[in-house]
$ cat start.cif   # mmCIF, C-alpha atoms and all ligand atoms
data_upload
#
loop_
_atom_site.label_atom_id
_atom_site.label_comp_id
_atom_site.auth_asym_id
_atom_site.auth_seq_id
_atom_site.Cartn_x
_atom_site.Cartn_y
_atom_site.Cartn_z
CA MET A 1 61.03 84.70 232.02
CA THR A 2 62.89 82.29 234.32
CA VAL A 3 64.01 79.08 232.63
CA THR A 4 62.98 76.07 234.73
CA ILE A 5 64.03 72.45 234.84
CA ARG A 6 60.77 71.64 233.00
CA ASP A 7 61.87 73.83 230.06
CA ILE A 8 65.15 71.92 229.88
CA ALA A 9 63.32 68.57 229.97
CA ALA A 10 60.92 69.61 227.15
CA ASP A 11 63.74 70.98 225.03
CA ALA A 12 65.89 67.87 225.45
CA GLY A 13 62.94 65.50 225.08
CA VAL A 14 63.48 63.79 228.44
CA SER A 15 61.72 63.67 231.84
CA VAL A 16 62.32 66.20 234.64
CA ALA A 17 63.74 63.34 236.74
CA THR A 18 66.36 62.63 234.04
CA VAL A 19 67.38 66.29 233.95
CA SER A 20 67.61 66.34 237.77
CA ARG A 21 69.85 63.25 237.73
CA ALA A 22 72.08 64.78 235.06
CA LEU A 23 72.43 68.11 236.95
CA SER A 24 72.99 66.60 240.41
CA GLY A 25 75.35 63.90 239.19
CA ASN A 26 73.29 61.35 241.16
CA GLY A 27 72.19 58.28 239.18
CA ARG A 28 72.81 57.06 235.62
CA VAL A 29 72.23 59.20 232.47
CA GLY A 30 73.25 58.10 228.94
CA GLU A 31 76.04 60.12 227.30
CA ALA A 32 73.85 61.25 224.37
CA THR A 33 71.05 62.28 226.74
CA ARG A 34 73.52 64.10 228.99
CA ALA A 35 74.90 65.96 225.95
CA ARG A 36 71.39 67.09 224.88
CA ILE A 37 70.63 68.28 228.44
CA THR A 38 73.95 70.15 228.74
CA GLU A 39 73.36 71.83 225.38
CA ALA A 40 69.82 72.87 226.37
CA VAL A 41 71.05 74.28 229.72
CA ALA A 42 73.68 76.41 227.95
CA ARG A 43 71.39 77.58 225.13
CA LEU A 44 68.42 78.44 227.40
CA GLY A 45 70.62 79.91 230.16
CA TYR A 46 69.22 77.73 232.96
CA GLN A 47 70.32 78.73 236.53
CA PRO A 48 69.70 76.04 239.23
CA ASN A 49 67.45 77.38 242.01
CA ASP A 50 69.41 76.82 245.24
CA LEU A 51 66.41 77.45 247.45
CA ALA A 52 64.23 75.00 245.46
CA ARG A 53 67.04 72.49 245.55
CA SER A 54 67.41 72.86 249.30
CA LEU A 55 63.67 72.40 249.83
CA HIS A 56 64.02 69.02 248.15
CA GLY A 57 66.83 68.11 250.53
CA GLY A 58 69.62 69.08 248.15
CA ALA A 59 72.66 71.20 248.95
CA THR A 60 72.30 74.96 248.84
CA GLY A 61 75.97 75.60 248.09
CA THR A 62 76.22 77.85 251.15
CA ILE A 63 78.42 77.31 254.20
CA ALA A 64 79.00 79.54 257.22
CA VAL A 65 81.86 80.36 259.58
CA LEU A 66 81.46 81.71 263.12
CA VAL A 67 84.46 83.55 264.61
CA PRO A 68 84.73 85.44 267.91
CA ASP A 69 86.38 88.72 266.86
CA ILE A 70 86.91 90.01 263.31
CA THR A 71 89.11 92.86 264.65
CA ASN A 72 91.84 90.37 265.60
CA PRO A 73 93.89 89.80 262.40
CA PHE A 74 94.14 86.08 263.15
CA PHE A 75 90.48 85.52 262.26
CA PRO A 76 90.32 87.34 258.91
CA GLU A 77 93.40 85.35 257.87
CA LEU A 78 91.62 82.15 258.96
CA VAL A 79 88.44 83.13 257.06
CA ALA A 80 90.51 83.84 253.93
CA GLY A 81 91.58 80.19 253.90
CA ILE A 82 87.98 79.01 254.31
CA GLN A 83 86.87 81.42 251.58
CA ALA A 84 89.53 80.13 249.18
CA VAL A 85 88.16 76.58 249.36
CA ALA A 86 84.53 77.76 249.23
CA ASN A 87 85.35 79.70 246.03
CA GLU A 88 87.12 76.72 244.47
CA ARG A 89 83.98 74.63 245.02
CA GLU A 90 81.56 77.40 244.02
CA ASN A 91 80.11 77.70 247.51
CA LEU A 92 78.90 80.93 249.10
CA LEU A 93 80.47 81.69 252.52
CA LEU A 94 78.47 83.48 255.25
CA LEU A 95 80.54 85.14 258.03
CA CYS A 96 79.17 85.53 261.57
CA GLN A 97 80.86 87.08 264.62
CA THR A 98 80.01 85.56 268.01
CA GLY A 99 81.89 87.94 270.31
CA GLU A 100 82.64 84.72 272.25
CA ASP A 101 79.03 84.93 273.44
CA ALA A 102 77.21 81.58 273.29
CA SER A 103 73.71 83.15 273.09
CA THR A 104 74.82 85.18 270.08
CA ALA A 105 76.18 82.00 268.49
CA VAL A 106 72.90 80.18 269.19
CA ARG A 107 70.90 83.01 267.60
CA GLU A 108 73.14 83.02 264.51
CA LEU A 109 73.01 79.23 264.18
CA ARG A 110 69.19 79.33 264.24
CA HIS A 111 69.25 81.91 261.41
CA LEU A 112 71.73 79.77 259.48
CA ARG A 113 69.56 76.69 259.91
CA ARG A 114 66.56 78.55 258.46
CA LYS A 115 68.75 79.50 255.51
CA ARG A 116 69.54 75.79 255.11
CA VAL A 117 73.30 76.23 255.02
CA ASP A 118 75.12 73.04 254.13
CA GLY A 119 77.39 73.22 257.18
CA VAL A 120 79.28 75.37 259.66
CA VAL A 121 82.89 75.98 260.62
CA LEU A 122 82.94 77.12 264.25
CA VAL A 123 85.76 78.63 266.30
CA GLY A 124 84.91 77.33 269.75
CA GLY A 125 85.81 78.80 273.12
CA LEU A 126 82.23 79.91 273.77
CA ALA A 127 80.99 79.97 277.35
CA PRO A 128 79.09 76.73 278.09
CA ASP A 129 75.45 77.03 276.99
CA ASP A 130 72.92 74.17 276.90
CA ALA A 131 71.21 75.76 273.90
CA LEU A 132 74.40 75.54 271.81
CA GLY A 133 74.22 71.76 271.50
CA GLY A 134 70.61 72.01 270.35
CA ALA A 135 71.38 74.77 267.85
CA LEU A 136 74.13 72.61 266.36
CA ALA A 137 72.16 69.33 266.37
CA GLY A 138 72.15 67.67 262.98
CA MET A 139 74.19 70.48 261.42
CA PRO A 140 77.38 69.37 259.64
CA LEU A 141 80.02 71.01 261.85
CA VAL A 142 83.79 71.40 261.80
CA THR A 143 85.44 72.89 264.90
CA VAL A 144 88.56 74.93 264.15
CA ASP A 145 91.26 76.28 266.49
CA ARG A 146 89.42 76.36 269.84
CA ASP A 147 87.41 73.47 271.33
CA THR A 148 83.67 73.91 271.73
CA GLY A 149 83.42 71.70 274.80
CA LEU A 150 80.89 69.60 272.83
CA PRO A 151 81.58 66.24 271.13
CA ALA A 152 83.11 67.07 267.74
CA ARG A 153 83.45 64.54 264.91
CA TRP A 154 85.59 66.85 262.71
CA SER A 155 88.16 69.38 263.88
CA VAL A 156 91.31 71.21 262.82
CA ARG A 157 93.72 73.04 265.11
CA ALA A 158 97.38 73.93 265.46
CA ASP A 159 99.60 72.15 267.99
CA HIS A 160 99.26 74.84 270.66
CA ARG A 161 101.12 72.93 273.40
CA SER A 162 104.11 72.38 271.14
CA GLY A 163 104.02 76.09 270.27
CA GLY A 164 104.20 77.08 273.93
CA ARG A 165 107.13 74.74 274.38
CA ILE A 166 108.96 76.02 271.24
CA ALA A 167 108.64 79.67 272.31
CA THR A 168 110.02 79.00 275.77
CA GLU A 169 112.78 76.65 274.61
CA HIS A 170 113.97 79.41 272.27
CA LEU A 171 114.23 81.88 275.16
CA VAL A 172 115.99 79.29 277.34
CA GLU A 173 118.47 78.65 274.52
CA LEU A 174 119.13 82.42 274.49
CA GLY A 175 120.13 82.11 278.15
CA HIS A 176 116.96 83.48 279.79
CA GLU A 177 116.17 81.88 283.16
CA ARG A 178 113.34 84.13 284.38
CA ILE A 179 110.69 84.05 281.67
CA ALA A 180 107.29 85.68 282.24
CA HIS A 181 104.18 84.53 280.39
CA VAL A 182 101.18 86.63 279.32
CA ALA A 183 98.65 83.83 278.94
CA GLY A 184 95.39 83.96 277.01
CA PRO A 185 91.96 83.78 278.71
CA ALA A 186 92.17 80.93 281.24
CA ARG A 187 88.91 79.32 280.00
CA LEU A 188 90.19 78.83 276.43
CA SER A 189 91.73 75.49 275.43
CA VAL A 190 94.35 77.23 273.28
CA ALA A 191 95.54 79.34 276.23
CA GLN A 192 95.68 76.35 278.55
CA GLU A 193 97.68 74.32 276.03
CA ARG A 194 100.23 77.09 275.39
CA LEU A 195 100.67 77.67 279.14
CA ALA A 196 101.19 73.93 279.63
CA GLY A 197 103.83 73.86 276.87
CA HIS A 198 105.55 76.88 278.43
CA GLN A 199 105.68 75.27 281.87
CA GLU A 200 106.85 71.95 280.39
CA ALA A 201 109.82 73.68 278.74
CA LEU A 202 110.75 75.47 281.97
CA ALA A 203 110.63 72.24 283.96
CA ALA A 204 112.59 70.32 281.30
CA SER A 205 115.33 72.94 281.57
CA GLY A 206 115.38 72.75 285.37
CA LEU A 207 114.01 76.30 285.66
CA GLU A 208 111.58 77.35 288.37
CA VAL A 209 107.90 77.48 287.33
CA ASP A 210 106.99 80.70 289.16
CA ASP A 211 103.23 81.36 289.12
CA ALA A 212 103.96 85.01 289.95
CA LEU A 213 105.43 85.31 286.44
CA VAL A 214 102.16 84.26 284.76
CA VAL A 215 99.35 86.77 284.13
CA HIS A 216 96.26 86.06 281.99
CA GLY A 217 95.30 88.59 279.33
CA ASP A 218 92.34 88.63 276.94
CA PHE A 219 94.14 88.01 273.62
CA GLY A 220 93.91 91.77 272.88
CA GLU A 221 96.44 94.61 272.94
CA ALA A 222 94.93 96.21 276.04
CA GLY A 223 95.00 92.89 277.88
CA GLY A 224 98.67 92.44 276.99
CA TYR A 225 99.45 95.99 278.15
CA ASP A 226 97.66 95.53 281.47
CA ALA A 227 99.24 92.11 282.02
CA LEU A 228 102.74 93.55 281.59
CA ARG A 229 102.02 96.37 284.00
CA THR A 230 100.82 93.79 286.52
CA LEU A 231 104.03 91.80 286.06
CA LEU A 232 106.12 94.93 286.58
CA ARG A 233 104.20 95.87 289.72
CA ARG A 234 104.98 92.46 291.19
CA ARG A 235 108.67 93.40 291.02
CA ARG A 236 109.64 89.83 290.19
CA GLU A 237 112.80 89.82 288.09
CA PHE A 238 112.40 88.60 284.49
CA SER A 239 114.48 89.05 281.35
CA ALA A 240 111.99 87.69 278.78
CA VAL A 241 108.25 87.52 278.13
CA PHE A 242 106.37 84.93 276.09
CA CYS A 243 102.92 86.23 275.05
CA SER A 244 100.18 83.75 274.12
CA ASN A 245 99.29 85.74 270.98
CA ASP A 246 100.74 88.55 268.90
CA LEU A 247 98.18 91.21 269.86
CA ALA A 248 99.07 90.72 273.52
CA ALA A 249 102.73 91.15 272.53
CA VAL A 250 101.82 94.49 270.91
CA GLY A 251 100.36 95.67 274.22
CA ALA A 252 103.30 94.28 276.19
CA LEU A 253 105.72 96.15 273.92
CA ARG A 254 104.03 99.44 274.77
CA ALA A 255 103.98 98.73 278.52
CA LEU A 256 107.69 97.83 278.51
CA ASP A 257 108.52 100.96 276.53
CA GLU A 258 106.54 103.20 278.93
CA ALA A 259 108.37 101.60 281.86
CA GLY A 260 111.73 102.37 280.25
CA PHE A 261 112.63 98.82 279.16
CA ARG A 262 114.14 98.38 275.69
CA VAL A 263 113.16 95.29 273.62
CA PRO A 264 115.26 93.16 273.15
CA ASP A 265 118.21 94.88 274.92
CA ASP A 266 116.56 94.82 278.37
CA VAL A 267 113.70 92.33 277.86
CA SER A 268 113.21 89.76 275.10
CA LEU A 269 109.70 89.29 273.70
CA VAL A 270 108.09 86.37 271.85
CA GLY A 271 104.52 86.17 270.52
CA PHE A 272 102.22 83.51 269.00
CA ASP A 273 100.22 83.45 265.71
CA ASP A 274 102.51 85.29 263.27
CA ILE A 275 99.76 87.59 262.03
CA HIS A 276 100.87 89.63 259.02
CA LEU A 277 101.62 92.68 261.24
CA ALA A 278 104.20 90.80 263.36
CA GLY A 279 106.99 91.49 260.90
CA TYR A 280 106.15 95.21 260.72
CA LEU A 281 106.50 95.93 264.44
CA ARG A 282 109.71 97.62 265.64
CA PRO A 283 111.47 95.51 266.72
CA ALA A 284 110.00 92.90 264.38
CA LEU A 285 108.33 90.25 266.54
CA THR A 286 109.83 86.82 267.09
CA THR A 287 106.80 84.59 267.25
CA VAL A 288 105.32 81.11 266.83
CA ARG A 289 103.69 80.77 263.43
CA GLN A 290 100.33 79.06 263.15
CA PRO A 291 99.57 78.01 259.53
CA ILE A 292 96.49 80.25 259.73
CA HIS A 293 95.42 80.20 256.07
CA GLU A 294 95.96 76.42 255.90
CA LEU A 295 93.88 75.95 259.06
CA GLY A 296 91.03 77.66 257.21
CA ARG A 297 91.56 75.64 254.05
CA ARG A 298 91.61 72.35 255.97
CA ALA A 299 88.49 73.25 257.96
CA ALA A 300 86.49 74.07 254.81
CA THR A 301 87.78 70.95 253.04
CA LEU A 302 86.78 68.75 255.99
CA LEU A 303 83.32 70.34 255.97
CA LEU A 304 82.75 69.91 252.25
CA GLU A 305 84.31 66.46 251.90
CA HIS A 306 83.86 64.60 255.17
CA ALA A 307 81.27 66.22 257.46
CA VAL A 308 78.30 64.22 256.23
CA PRO A 309 76.04 61.89 258.27
CA GLY A 310 78.00 58.68 258.78
CA GLY A 311 81.21 60.32 257.55
CA ALA A 312 84.40 59.05 259.16
CA GLU A 313 85.45 61.08 262.21
CA ARG A 314 88.59 63.12 261.57
CA HIS A 315 90.73 65.43 263.73
CA GLU A 316 93.70 67.26 262.20
CA VAL A 317 96.54 68.91 264.12
CA LEU A 318 98.85 71.16 262.11
CA GLU A 319 102.45 71.88 263.11
CA VAL A 320 103.60 75.30 264.27
CA SER A 321 107.08 76.81 263.82
CA LEU A 322 109.28 79.49 265.37
CA VAL A 323 109.83 82.66 263.32
CA ARG A 324 113.04 84.34 264.56
CA ARG A 325 112.97 88.13 264.15
CA ASP A 326 114.40 90.99 266.26
CA SER A 327 112.44 91.06 269.52
CA ALA A 328 114.35 88.29 271.28
CA ARG A 329 118.10 88.07 271.83
CA SER A 330 120.72 86.32 273.90
CA VAL A 331 121.11 87.42 277.50
CA ARG A 332 124.87 87.17 276.91
CA GLY A 333 124.42 89.67 274.11
CA ARG A 334 123.24 92.17 276.69
CA ARG A 335 126.11 91.77 279.08
O1 LIG B 1 94.98 85.88 268.43
C1 LIG B 1 93.79 85.18 268.66
C2 LIG B 1 94.03 83.85 269.25
O2 LIG B 1 92.78 83.21 269.40
C3 LIG B 1 94.92 82.98 268.37
O3 LIG B 1 96.09 82.57 269.06
C4 LIG B 1 94.04 81.84 267.93
O4 LIG B 1 94.62 80.57 268.22
C5 LIG B 1 92.70 82.07 268.59
O5 LIG B 1 92.30 81.01 269.40
#

$ encode --input "start.cif" --output "structure tokens"
Amino acid sequence: MTVTIRDIAADAGVSVATVSRALSGNGRVGEATRARITEAVARLGYQPNDLARSLHGGATGTIAVLVPDITNPFFPELVAGIQAVANERENLLLLCQTGEDASTAVRELRHLRRKRVDGVVLVGGLAPDDALGGALAGMPLVTVDRDTGLPARWSVRADHRSGGRIATEHLVELGHERIAHVAGPARLSVAQERLAGHQEALAASGLEVDDALVVHGDFGEAGGYDALRTLLRRRREFSAVFCSNDLAAVGALRALDEAGFRVPDDVSLVGFDDIHLAGYLRPALTTVRQPIHELGRRAATLLLEHAVPGGAERHEVLEVSLVRRDSARSVRGRR
């Protein structure tokens, strides 16, 4: 037989309202009364009913995260950070994949609303869709990594522009003057910001910003491979490539190898993310590290601590850093 809140109230000799106040932590309950209620809960084995609690406007202890592509190692590492905080606060985490498709996101958000989730962490970058705003209306929401294009009261991201600048400055310091860039999808804020940082660093060093040395990929290995082949077909001299994410660098590495270029002896290569595989490539990838796990932790913490109606708006930007490995070297070293 399921133990109910009424059984606890009868056993402890108090009203159901008193038990509800003691369990939710809302409102005053005398210490002796609280002790009797706690003892009854333990002895009778009472389990709060999340669905019943949600129907009375309470929290369900369930949050959700929507990511574009679970096959890209960046996102599982991000979700692990969200999961860590959800576990610490005894929340259940639901994972949804949007495929960067706004209608899929809208459909999943409608399901999540029916399940009365307490809030959502969303990786933006979805194609504009009028229904998205409606599907998110009234839902506690934290945007992480990519912008949604909608007004956001709570967000966490890495400093993508600074990362683009750091990657390029490193290659300039190594003596490279013709640096190609495999950018991410042009519509994504993160790709735009990294490209801007890259071009800023070139200009600050007095180097030509040559649009023919920029090709947009799709943040996947195949996109990186195709982008490098496009660069090679253009026959524009370059001695280094900065890729807007590590998976694109994986594809670029293969394209350079097939074309007979050695990394880093002939061409230096730098990525972005520092996914766990980056250090296992040969040569190990020099890259810009995003604090991926911390991004997830911060997003979940913002959702569970701040994203409430009337909560103070908050936008966090986490620093990135250069991880020097073997895929980039001095031009002088080659001569
Ligand atoms: O590798 C996937 C990319 O998409 C990362 O750079 C991350 O910032 C996400 O936006």

$ residues_around --input "start.cif" --residues "region 83-88 of chain A" --least-positions-apart "5" --cutoff "7 Å" --atoms "all atoms listed in the file" --output "number ranges by chain"
A: 93, 297, 300-301

$ residues_around --input "start.cif" --residues "Leu171 (chain A)" --least-positions-apart "3" --cutoff "8 Å" --atoms "all atoms listed in the file" --output "list in words"
Ala167, Thr168, Leu174, Gly175, His176, Ile179, Ala240, Ser268, Ala328 and Ser330 of chain A

$ closest_residue --input "start.cif" --among "A:Gly30, A:Gly206, A:Gly163, A:Gly133" --to "Pro291 (chain A)" --atoms "all atoms listed in the file"
A:Gly163

$ closest_atom_pairs --input "start.cif" --of "chain A" --to "ligand LIG 1 (chain B)" --cutoff "9 Å" --atoms "all atoms listed in the file" --output "Markdown table"
| residue | atom | partner | partner_atom | distance |
| --- | --- | --- | --- | --- |
| A:Pro68 | CA | B:LIG1 | O2 | 8.5 |
| A:Asp69 | CA | B:LIG1 | C1 | 8.4 |
| A:Asn72 | CA | B:LIG1 | O1 | 6.2 |
| A:Pro73 | CA | B:LIG1 | O1 | 7.3 |
| A:Phe74 | CA | B:LIG1 | O1 | 5.4 |
| A:Phe75 | CA | B:LIG1 | C1 | 7.2 |
| A:Val123 | CA | B:LIG1 | O5 | 7.6 |
| A:Gly124 | CA | B:LIG1 | O5 | 8.3 |
| A:Gly125 | CA | B:LIG1 | O5 | 7.8 |
| A:Val144 | CA | B:LIG1 | O5 | 8.9 |
| A:Asp145 | CA | B:LIG1 | O5 | 5.7 |
| A:Arg146 | CA | B:LIG1 | O5 | 5.5 |
| A:Arg157 | CA | B:LIG1 | O4 | 8.2 |
| A:Ala158 | CA | B:LIG1 | O4 | 7.7 |
| A:His160 | CA | B:LIG1 | O4 | 7.8 |
| A:Gly184 | CA | B:LIG1 | C2 | 7.9 |
| A:Leu188 | CA | B:LIG1 | O5 | 7.7 |
| A:Ser189 | CA | B:LIG1 | O5 | 8.2 |
| A:Val190 | CA | B:LIG1 | O5 | 5.8 |
| A:Ala191 | CA | B:LIG1 | O5 | 7.7 |
| A:Phe219 | CA | B:LIG1 | O1 | 5.7 |
| A:Gly220 | CA | B:LIG1 | O1 | 7.5 |
| A:Ser244 | CA | B:LIG1 | O3 | 6.6 |
| A:Asn245 | CA | B:LIG1 | O3 | 4.9 |
| A:Asp246 | CA | B:LIG1 | O1 | 6.4 |
| A:Leu247 | CA | B:LIG1 | O1 | 6.4 |
| A:Ala248 | CA | B:LIG1 | O1 | 8.1 |
| A:Phe272 | CA | B:LIG1 | O3 | 6.2 |
| A:Asp273 | CA | B:LIG1 | O3 | 5.4 |
| A:Ile275 | CA | B:LIG1 | O1 | 8.2 |
| A:Gln290 | CA | B:LIG1 | O4 | 7.8 |
| A:Ile292 | CA | B:LIG1 | O4 | 8.7 |

$ write_last_selection --input "start.cif" --atoms "C-alpha atoms" --output "compact mmCIF listing (two decimals), in the coordinates of the input"
# COMPACT_ATOMS: atom_id res chain seq x y z
CA PRO A 68 84.73 85.44 267.91
CA ASP A 69 86.38 88.72 266.86
CA ASN A 72 91.84 90.37 265.60
CA PRO A 73 93.89 89.80 262.40
CA PHE A 74 94.14 86.08 263.15
CA PHE A 75 90.48 85.52 262.26
CA VAL A 123 85.76 78.63 266.30
CA GLY A 124 84.91 77.33 269.75
CA GLY A 125 85.81 78.80 273.12
CA VAL A 144 88.56 74.93 264.15
CA ASP A 145 91.26 76.28 266.49
CA ARG A 146 89.42 76.36 269.84
CA ARG A 157 93.72 73.04 265.11
CA ALA A 158 97.38 73.93 265.46
CA HIS A 160 99.26 74.84 270.66
CA GLY A 184 95.39 83.96 277.01
CA LEU A 188 90.19 78.83 276.43
CA SER A 189 91.73 75.49 275.43
CA VAL A 190 94.35 77.23 273.28
CA ALA A 191 95.54 79.34 276.23
CA PHE A 219 94.14 88.01 273.62
CA GLY A 220 93.91 91.77 272.88
CA SER A 244 100.18 83.75 274.12
CA ASN A 245 99.29 85.74 270.98
CA ASP A 246 100.74 88.55 268.90
CA LEU A 247 98.18 91.21 269.86
CA ALA A 248 99.07 90.72 273.52
CA PHE A 272 102.22 83.51 269.00
CA ASP A 273 100.22 83.45 265.71
CA ILE A 275 99.76 87.59 262.03
CA GLN A 290 100.33 79.06 263.15
CA ILE A 292 96.49 80.25 259.73

$ atom_distance --input "start.cif" --atom1 "CA of His276 (chain A)" --atom2 "CA of Pro76 (chain A)"
10.8 Å

$ residues_around --input "start.cif" --residues "Leu256 (chain A)" --least-positions-apart "4" --cutoff "12 Å" --atoms "all atoms listed in the file" --output "VMD selection string"
chain A and resid 224 to 233 238 to 241 249 to 252 260 to 269

$ closest_residue --input "start.cif" --among "A:Ile37, A:Glu90, A:Val29, A:Gly164" --to "Ile8 (chain A)" --atoms "all atoms listed in the file"
A:Ile37

$ decode --input "start.cif" --residues "region 108-116 of chain A" --atoms "all heavy atoms" --output "compact mmCIF listing (two decimals), in the first residue's frame"
# COMPACT_ATOMS: atom_id res chain seq x y z
N GLU A 108 9.69 18.92 -28.86
CA GLU A 108 10.24 18.40 -27.60
C GLU A 108 9.86 19.31 -26.42
O GLU A 108 9.53 18.83 -25.33
CB GLU A 108 11.76 18.26 -27.73
CG GLU A 108 12.17 17.11 -28.63
CD GLU A 108 13.65 17.12 -29.03
OE1 GLU A 108 14.28 18.19 -28.90
OE2 GLU A 108 14.15 16.06 -29.45
N LEU A 109 9.88 20.60 -26.65
CA LEU A 109 9.52 21.53 -25.56
C LEU A 109 8.06 21.36 -25.17
O LEU A 109 7.70 21.44 -23.98
CB LEU A 109 9.81 22.97 -26.00
CG LEU A 109 11.29 23.35 -26.04
CD1 LEU A 109 11.49 24.65 -26.83
CD2 LEU A 109 11.85 23.49 -24.63
N ARG A 110 7.19 21.06 -26.13
CA ARG A 110 5.77 20.85 -25.80
C ARG A 110 5.62 19.59 -24.96
O ARG A 110 4.86 19.55 -23.98
CB ARG A 110 4.93 20.79 -27.08
CG ARG A 110 4.75 22.16 -27.71
CD ARG A 110 4.10 22.16 -29.05
NE ARG A 110 3.91 23.53 -29.54
CZ ARG A 110 3.77 23.83 -30.83
NH1 ARG A 110 3.76 22.85 -31.75
NH2 ARG A 110 3.62 25.08 -31.24
N HIS A 111 6.39 18.54 -25.30
CA HIS A 111 6.37 17.30 -24.48
C HIS A 111 6.85 17.62 -23.06
O HIS A 111 6.27 17.19 -22.06
CB HIS A 111 7.31 16.24 -25.08
CG HIS A 111 6.71 15.46 -26.22
ND1 HIS A 111 5.49 14.80 -26.14
CD2 HIS A 111 7.18 15.24 -27.48
CE1 HIS A 111 5.23 14.20 -27.30
NE2 HIS A 111 6.24 14.45 -28.12
N LEU A 112 7.95 18.38 -23.00
CA LEU A 112 8.55 18.69 -21.68
C LEU A 112 7.60 19.52 -20.83
O LEU A 112 7.51 19.33 -19.61
CB LEU A 112 9.88 19.43 -21.88
CG LEU A 112 11.00 18.62 -22.54
CD1 LEU A 112 12.18 19.52 -22.92
CD2 LEU A 112 11.47 17.49 -21.61
N ARG A 113 6.84 20.41 -21.50
CA ARG A 113 5.89 21.22 -20.73
C ARG A 113 4.79 20.33 -20.15
O ARG A 113 4.41 20.50 -18.97
CB ARG A 113 5.29 22.30 -21.63
CG ARG A 113 4.45 23.33 -20.90
CD ARG A 113 3.85 24.31 -21.85
NE ARG A 113 4.84 25.18 -22.47
CZ ARG A 113 5.34 26.28 -21.87
NH1 ARG A 113 4.96 26.58 -20.63
NH2 ARG A 113 6.21 27.07 -22.48
N ARG A 114 4.34 19.35 -20.92
CA ARG A 114 3.30 18.44 -20.40
C ARG A 114 3.86 17.59 -19.24
O ARG A 114 3.13 17.23 -18.34
CB ARG A 114 2.80 17.52 -21.52
CG ARG A 114 1.88 18.20 -22.53
CD ARG A 114 1.06 17.17 -23.32
NE ARG A 114 1.93 16.41 -24.22
CZ ARG A 114 2.22 16.84 -25.46
NH1 ARG A 114 1.80 18.03 -25.87
NH2 ARG A 114 2.98 16.10 -26.26
N LYS A 115 5.16 17.39 -19.26
CA LYS A 115 5.75 16.61 -18.15
C LYS A 115 6.09 17.51 -16.97
O LYS A 115 6.67 17.08 -15.99
CB LYS A 115 7.01 15.88 -18.65
CG LYS A 115 6.71 14.71 -19.60
CD LYS A 115 7.95 13.88 -19.84
CE LYS A 115 7.62 12.68 -20.72
NZ LYS A 115 6.55 11.83 -20.11
N ARG A 116 5.76 18.81 -17.14
CA ARG A 116 5.94 19.79 -16.06
C ARG A 116 7.38 19.84 -15.55
O ARG A 116 7.62 19.86 -14.35
CB ARG A 116 4.98 19.46 -14.89
CG ARG A 116 3.52 19.56 -15.26
CD ARG A 116 2.62 19.21 -14.08
NE ARG A 116 1.23 19.38 -14.45
CZ ARG A 116 0.59 20.57 -14.41
NH1 ARG A 116 1.26 21.66 -14.04
NH2 ARG A 116 -0.67 20.66 -14.77
